[in-house]
Amino acid sequence: MSFWQYANPKKFTETVTPLIPWILGLALLCLAGALVWGVFFTPEDYRQGATVKIIYLHVPSALMAINAWFMMLVASLIWLIRRHHVSALAAKAAAPVGMVMVLIAIATGAIWGKPMWGTYWAWDPRLTSFLILFLFYLGYMALWAAIDDADTAADLTAVLCIVGSVFAVLSRYAVLFWNQGLHQGASLSLDPEEHVADVFYYPLLVSIAGFVLLFIGLVLLRTRSEIALRRAAALERRTEARLATGEPA
């Protein structure tokens, strides 16, 4: 069966509805396990002390903040190319989730940064690019809310998503582009010599899995809600049109 069958709102809703509780349940299980493992069963870092344990919230939320925007980009491109409404609604649904991930990353980074850098905020390249990404999330959501016609809103927000992807890339690779920032290098790397020690690495992977599942579950849930709202709005317009012509509702 074709992947594009799920572009049908009814088929999409019927498919994801039974999956959402399982995905969210598994996400909460992973997050709870990772936090208990990481907070209570890993040692303090020899330089950062107990503050290193913020890594289990900061790194996964930062990864998802960036990847959420890339997911919105893919969904927006599908909308522009194939005009599938589910993809546009999925991008719209992902934006608030991605914005919350940015806020978690910035807040936990500030808490982590105070004892390490002596300040909650610095105009570091990665921090600055994350702040700009947050503003793009706000702008994306505001543009959806400001335009009444759904297709026009989907078109314009898709263009904004393409432009904002530049800052998503900068947020991901700012440490590599600019060496003068305060922010440390990547916590995860294909080179085992560069990423964090294994004692922190494995619970971090579980936490990342939890954040990924949480993002997927919330986006599916919100997309289903957006489809229902779109359907309700269409029925309302149809009823109003019938009443205006004197037909029974």
# chains A, B, ... in the order shown; residues from 1 in each chain; ligands from 1
$ residues_around --residues "stretch 4-21 of chain A" --least-positions-apart "2" --cutoff "9 Å" --atoms "only C-alpha atoms" --output "list of chain:residue names"
A:Met1, A:Ser2, A:Ile23, A:Leu24, A:Gly25, A:Leu26, A:His84, A:His85, A:Val86, A:Ser87, A:Ile216, A:Gly217, A:Leu218, A:Leu220, A:Leu221, A:Thr223, A:Arg224, A:Ile227
$ write_last_selection --atoms "all heavy atoms" --output "compact mmCIF listing (two decimals), in the first residue's frame"
# COMPACT_ATOMS: atom_id res chain seq x y z
N MET A 1 0.84 -1.19 0.00
CA MET A 1 0.00 0.00 0.00
C MET A 1 0.88 1.25 0.00
O MET A 1 1.92 1.28 0.61
CB MET A 1 -0.92 0.00 1.22
CG MET A 1 -1.88 -1.19 1.28
SD MET A 1 -2.90 -1.19 2.77
CE MET A 1 -3.95 0.21 2.43
N SER A 2 0.42 2.30 -0.67
CA SER A 2 1.22 3.51 -0.82
C SER A 2 1.27 4.31 0.46
O SER A 2 0.30 4.38 1.23
CB SER A 2 0.64 4.37 -1.94
OG SER A 2 1.26 5.63 -1.99
N ILE A 23 2.56 5.30 22.11
CA ILE A 23 3.75 6.13 21.89
C ILE A 23 4.01 7.03 23.08
O ILE A 23 5.15 7.13 23.58
CB ILE A 23 3.60 6.96 20.60
CG1 ILE A 23 3.55 6.03 19.37
CG2 ILE A 23 4.75 7.96 20.45
CD1 ILE A 23 3.22 6.75 18.08
N LEU A 24 2.97 7.69 23.58
CA LEU A 24 3.14 8.59 24.72
C LEU A 24 3.50 7.81 25.99
O LEU A 24 4.31 8.27 26.80
CB LEU A 24 1.87 9.41 24.94
CG LEU A 24 1.56 10.46 23.86
CD1 LEU A 24 0.24 11.15 24.15
CD2 LEU A 24 2.68 11.49 23.76
N GLY A 25 2.90 6.63 26.15
CA GLY A 25 3.23 5.81 27.32
C GLY A 25 4.68 5.37 27.30
O GLY A 25 5.37 5.42 28.33
N LEU A 26 5.17 4.94 26.13
CA LEU A 26 6.56 4.53 26.00
C LEU A 26 7.49 5.72 26.21
O LEU A 26 8.58 5.59 26.80
CB LEU A 26 6.79 3.89 24.64
CG LEU A 26 8.17 3.26 24.38
CD1 LEU A 26 8.48 2.20 25.43
CD2 LEU A 26 8.23 2.66 22.98
N HIS A 84 -1.03 18.09 -0.03
CA HIS A 84 -1.71 17.21 0.92
C HIS A 84 -1.96 17.99 2.21
O HIS A 84 -1.01 18.42 2.87
CB HIS A 84 -0.87 15.97 1.22
CG HIS A 84 -0.78 15.00 0.08
ND1 HIS A 84 -1.85 14.72 -0.72
CD2 HIS A 84 0.24 14.25 -0.37
CE1 HIS A 84 -1.50 13.84 -1.64
NE2 HIS A 84 -0.23 13.53 -1.45
N HIS A 85 -3.23 18.14 2.58
CA HIS A 85 -3.56 18.96 3.73
C HIS A 85 -3.02 18.40 5.04
O HIS A 85 -2.69 19.15 5.96
CB HIS A 85 -5.08 19.15 3.82
CG HIS A 85 -5.63 20.08 2.81
ND1 HIS A 85 -6.04 19.67 1.56
CD2 HIS A 85 -5.82 21.43 2.84
CE1 HIS A 85 -6.47 20.72 0.86
NE2 HIS A 85 -6.34 21.80 1.61
N VAL A 86 -2.94 17.08 5.16
CA VAL A 86 -2.44 16.49 6.40
C VAL A 86 -1.01 16.95 6.67
O VAL A 86 -0.64 17.19 7.83
CB VAL A 86 -2.53 14.96 6.35
CG1 VAL A 86 -1.82 14.33 7.54
CG2 VAL A 86 -3.99 14.51 6.35
N SER A 87 -0.19 17.06 5.63
CA SER A 87 1.20 17.48 5.82
C SER A 87 1.26 18.91 6.33
O SER A 87 2.06 19.24 7.22
CB SER A 87 2.00 17.33 4.53
OG SER A 87 1.47 18.17 3.51
N ILE A 216 6.88 12.78 18.74
CA ILE A 216 6.05 12.09 17.76
C ILE A 216 4.61 11.96 18.27
O ILE A 216 3.65 12.25 17.55
CB ILE A 216 6.63 10.70 17.44
CG1 ILE A 216 7.97 10.84 16.70
CG2 ILE A 216 5.65 9.88 16.58
CD1 ILE A 216 8.70 9.53 16.52
N GLY A 217 4.47 11.52 19.52
CA GLY A 217 3.14 11.35 20.08
C GLY A 217 2.35 12.65 20.14
O GLY A 217 1.16 12.69 19.77
N LEU A 218 3.00 13.73 20.57
CA LEU A 218 2.31 15.01 20.67
C LEU A 218 1.96 15.56 19.29
O LEU A 218 0.87 16.13 19.10
CB LEU A 218 3.18 16.02 21.43
CG LEU A 218 3.35 15.75 22.93
CD1 LEU A 218 4.30 16.76 23.54
CD2 LEU A 218 2.00 15.77 23.64
N LEU A 220 1.37 13.78 16.53
CA LEU A 220 0.25 12.98 16.02
C LEU A 220 -1.06 13.39 16.70
O LEU A 220 -2.10 13.51 16.05
CB LEU A 220 0.51 11.49 16.26
CG LEU A 220 1.65 10.86 15.45
CD1 LEU A 220 1.81 9.40 15.83
CD2 LEU A 220 1.41 10.99 13.95
N LEU A 221 -0.99 13.61 18.01
CA LEU A 221 -2.18 14.02 18.75
C LEU A 221 -2.69 15.37 18.27
O LEU A 221 -3.89 15.56 18.03
CB LEU A 221 -1.85 14.07 20.24
CG LEU A 221 -2.99 14.46 21.19
CD1 LEU A 221 -4.11 13.43 21.14
CD2 LEU A 221 -2.46 14.59 22.62
N THR A 223 -2.00 16.84 15.38
CA THR A 223 -2.42 16.77 13.98
C THR A 223 -3.84 16.21 13.89
O THR A 223 -4.67 16.71 13.12
CB THR A 223 -1.47 15.88 13.17
OG1 THR A 223 -0.14 16.38 13.27
CG2 THR A 223 -1.87 15.85 11.69
N ARG A 224 -4.13 15.19 14.68
CA ARG A 224 -5.49 14.64 14.71
C ARG A 224 -6.48 15.72 15.15
O ARG A 224 -7.59 15.83 14.59
CB ARG A 224 -5.54 13.45 15.66
CG ARG A 224 -6.87 12.71 15.65
CD ARG A 224 -6.89 11.59 16.68
NE ARG A 224 -6.83 12.11 18.05
CZ ARG A 224 -6.88 11.33 19.13
NH1 ARG A 224 -6.97 10.03 19.01
NH2 ARG A 224 -6.83 11.88 20.34
N ILE A 227 -7.07 18.18 12.29
CA ILE A 227 -7.96 17.60 11.28
C ILE A 227 -9.41 17.71 11.74
O ILE A 227 -10.31 18.07 10.96
CB ILE A 227 -7.58 16.13 11.01
CG1 ILE A 227 -6.23 16.06 10.29
CG2 ILE A 227 -8.66 15.43 10.18
CD1 ILE A 227 -5.68 14.66 10.16
$ residues_around --residues "A:Trp121" --least-positions-apart "4" --cutoff "10 Å" --atoms "only C-alpha atoms" --output "MDAnalysis selection string"
chainID A and resid 106:107 109:111 113:114 117 127:128
$ closest_residue --among "A:Asp198, A:Glu236, A:Glu226, A:Asp151" --to "A:Trp79" --atoms "only C-alpha atoms"
A:Asp151
$ closest_residue --among "A:Ala150, A:Ala197, A:Val206, A:Met116" --to "A:Ala32" --atoms "only C-alpha atoms"
A:Val206
$ select_by_dssp --residues "stretch 29-235 of chain A" --states "alpha helix (DSSP H)" --output "count of residues only"
161
$ atom_distance --atom1 "atom CA of A:Gly118" --atom2 "atom CA of A:Val102"
21.8 Å
